[in-house]
Amino acid sequence: MNSHRKNLILTGASRGIGHATVQRFSQEGWRVITVSRFPVPEDCPWEGGAADHVQIDLSDPAILKLGVELLRERLQHAPLHALVNNAGVSPKGPGGERLGVMATSQELWQQVFQINFFAPVMLARGLIEELRSAHGAVVNVTSFAGSRVHRFAGAAYAASKAALAALTREMAAEFGPSGVRVNAIAPGEIQTAMLSPATAELIPQIPLGRLGLPEEVARVIYLLCSEQTSYINGSEIYVDGGQRC
């Protein structure tokens with residue numbers, strides 16, 4: 001039955017935007033192969049949840065390299081219609097404070113960039129033949145914080161997301177001739193567990209006057225993976241309620 005369905009590989013699927021994205025694509029009949037560092041929960045609500053979950057620690061390059069091969073095996077040579085690089089980390093200080101350039105250790109810089117930037121590189125490179133086979137789409141989840149200094153997002157997180165936006169343009173130019181589109185979405189203040197407790201203070205700066213919902217981001221991700229956006233390539237779409245204005 002899977003041979004007649006479109007295939008999505010999604011990282012960071014366990015909560016927030018990732019969880020909403022699984023729901024959105026599943027509703028449209030896609031087969032969703034989820035990736036996270038956690039095992040699939042026993043009460044997973046998605047069809048084929050355990051069978052279509054691959055536990056990979058994206059922070060470890062050696063494990064991720066092996067994980068790419070596991071994903072290819074899970075696809076069984078089927079085309080990959082979409083790859084969504086959603087996993088990301090935004091570390092905070094001991095008291096939950098923002099970590100600036102000086103307060104972020106070298107090891108933490110490397111960990112953040114491995115998960116937020118190098119993992120999308122390794123996944124796209126490792127799965128490129130399956131993406132080409134489907135004339136598929138890649139969506140990189142960047143951030144509003146990648147384009148300006150943010151009160152709560154740390155320096156490493158912001159820099160890694162800015163780098164991911166640049167990578168999106170590079171991938172779009174390189175993969176486009178083989179029919180693979182690459183775009184990014186930059187969420188603003190979305191109601192997820194990643195938010196700082198003080199995020200409510202930013203709501204007056206958002207023209208729509210509220211936080212975004214994970215399902216609102218998931219809809220845009222789905223749109224960018226659909227035929228309705230077949231001529232959009234190399235773009236970064238802000239899902240921020242107008243906050244950047």
# chains A, B, ... in the order shown; residues from 1 in each chain; ligands from 1
$ residues_around --residues "Leu223 (chain A)" --least-positions-apart "2" --cutoff "12 Å" --atoms "only C-alpha atoms" --output "list in words"
Thr21, Arg24, Phe25, Glu28, Ala82, Ala137, Val138, Val139, Asn183, Ala184, Ile185, Glu216, Val217, Ala218, Arg219, Val220, Ile221, Cys225, Ser226, Glu227, Gln228, Thr229, Ser230, Tyr231, Ile232 and Ile237 of chain A
$ select_by_dssp --residues "region 1-238 of chain A" --states "helix (DSSP H, G or I)" --output "ChimeraX atom specification"
/A:2-4,16-27,61-75,106-126,128-134,144-146,155-178,197-205,214-224,227-229
$ closest_residue --among "A:Met102, A:Val35, A:Leu127, A:Ala162" --to "Leu75 (chain A)" --atoms "only C-alpha atoms"
A:Leu127
$ residues_around --residues "Ile203 (chain A)" --least-positions-apart "3" --cutoff "12 Å" --atoms "only C-alpha atoms" --output "list in words"
Gly188, Glu189, Ile190, Gln191, Ala198, Thr199, Ala200, Ile206, Pro207, Leu208, Gly209, Arg210, Leu211, Gly212, Asp240, Gly241, Gly242 and Gln243 of chain A
$ write_last_selection --atoms "C-alpha atoms" --output "compact mmCIF listing (two decimals), in the first residue's frame"
# COMPACT_ATOMS: atom_id res chain seq x y z
CA GLY A 188 8.20 33.60 14.58
CA GLU A 189 6.72 33.20 18.06
CA ILE A 190 4.98 29.84 17.79
CA GLN A 191 3.26 28.27 20.79
CA ALA A 198 8.64 35.62 28.94
CA THR A 199 7.65 35.34 25.26
CA ALA A 200 4.24 36.84 26.09
CA ILE A 206 3.18 41.13 16.56
CA PRO A 207 0.64 42.87 14.30
CA LEU A 208 -1.78 39.94 14.57
CA GLY A 209 -1.64 40.29 18.35
CA ARG A 210 -1.12 36.62 19.24
CA LEU A 211 1.28 33.70 19.15
CA GLY A 212 1.20 31.41 16.16
CA ASP A 240 5.44 35.26 12.07
CA GLY A 241 2.17 37.19 12.10
CA GLY A 242 3.99 40.20 10.64
CA GLN A 243 6.50 40.48 13.49
$ residues_around --residues "region 154-156 of chain A" --least-positions-apart "2" --cutoff "7 Å" --atoms "only C-alpha atoms" --output "mmCIF file with C-alpha atoms, in the first residue's frame"
data_model
loop_
_atom_site.group_PDB
_atom_site.id
_atom_site.type_symbol
_atom_site.label_atom_id
_atom_site.label_comp_id
_atom_site.auth_asym_id
_atom_site.auth_seq_id
_atom_site.Cartn_x
_atom_site.Cartn_y
_atom_site.Cartn_z
ATOM 1 C CA SER A 90 18.049 26.509 21.299
ATOM 2 C CA ARG A 98 19.772 33.779 26.728
ATOM 3 C CA LEU A 99 23.280 32.606 25.828
ATOM 4 C CA GLY A 100 25.320 35.211 23.973
ATOM 5 C CA VAL A 101 28.553 34.770 22.027
ATOM 6 C CA TRP A 109 28.401 26.003 19.495
ATOM 7 C CA VAL A 112 23.924 23.548 17.964
ATOM 8 C CA PHE A 152 15.451 35.133 23.992
ATOM 9 C CA ALA A 158 20.387 32.511 15.611
ATOM 10 C CA ALA A 159 23.641 32.080 13.706
ATOM 11 C CA SER A 160 22.847 28.460 12.824
#
$ residues_around --residues "region 66-72 of chain A" --least-positions-apart "4" --cutoff "12 Å" --atoms "only C-alpha atoms" --output "PyMOL selection string"
chain A and resi 7-11+32-37+51-62+76-80+83+119-131
$ write_last_selection --atoms "C-alpha atoms" --output "compact mmCIF listing (two decimals), in the first residue's frame"
# COMPACT_ATOMS: atom_id res chain seq x y z
CA ASN A 7 6.77 9.69 1.20
CA LEU A 8 7.92 12.31 3.69
CA ILE A 9 10.94 12.17 6.00
CA LEU A 10 10.57 14.58 8.91
CA THR A 11 13.08 15.34 11.66
CA VAL A 32 5.45 9.95 7.13
CA ILE A 33 8.79 8.55 8.26
CA THR A 34 9.68 10.35 11.47
CA VAL A 35 13.12 10.95 12.89
CA SER A 36 13.97 11.95 16.47
CA ARG A 37 16.43 11.06 19.21
CA ALA A 51 7.14 1.01 11.74
CA ASP A 52 7.81 4.42 10.23
CA HIS A 53 9.99 5.85 12.99
CA VAL A 54 13.79 5.90 12.98
CA GLN A 55 15.58 6.86 16.18
CA ILE A 56 18.65 8.94 15.29
CA ASP A 57 20.74 11.26 17.42
CA LEU A 58 21.34 14.12 14.98
CA SER A 59 24.00 15.60 17.27
CA ASP A 60 26.39 12.72 16.50
CA PRO A 61 27.75 12.80 12.90
CA ALA A 62 28.76 9.13 12.96
CA GLN A 76 13.14 0.46 0.12
CA HIS A 77 14.22 2.38 -3.00
CA ALA A 78 10.91 4.24 -3.17
CA PRO A 79 11.02 7.91 -4.24
CA LEU A 80 11.21 10.55 -1.51
CA LEU A 83 12.36 16.03 3.30
CA ALA A 119 22.26 17.51 9.95
CA PRO A 120 20.17 19.05 7.11
CA VAL A 121 23.31 19.00 4.92
CA MET A 122 23.98 15.33 5.65
CA LEU A 123 20.37 14.27 5.19
CA ALA A 124 19.94 16.09 1.87
CA ARG A 125 23.24 14.74 0.53
CA GLY A 126 22.47 11.21 1.67
CA LEU A 127 18.92 11.15 0.29
CA ILE A 128 19.47 13.10 -2.92
CA GLU A 129 18.89 10.16 -5.26
CA GLU A 130 15.53 9.38 -3.67
CA LEU A 131 14.60 13.09 -3.86
$ closest_residue --among "A:Leu195, A:Gln111, A:Pro177, A:Arg244" --to "Ser147 (chain A)" --atoms "only C-alpha atoms"
A:Arg244
$ select_by_dssp --residues "region 22-214 of chain A" --states "strand (DSSP E or B)" --output "PyMOL selection string"
chain A and resi 31-36+53-55+82-85+137-141+181-187+190+212
$ atom_distance --atom1 "CA of Gly16 (chain A)" --atom2 "CA of Val84 (chain A)"
14.1 Å
$ atom_distance --atom1 "CA of Gly136 (chain A)" --atom2 "CA of Met171 (chain A)"
12.8 Å
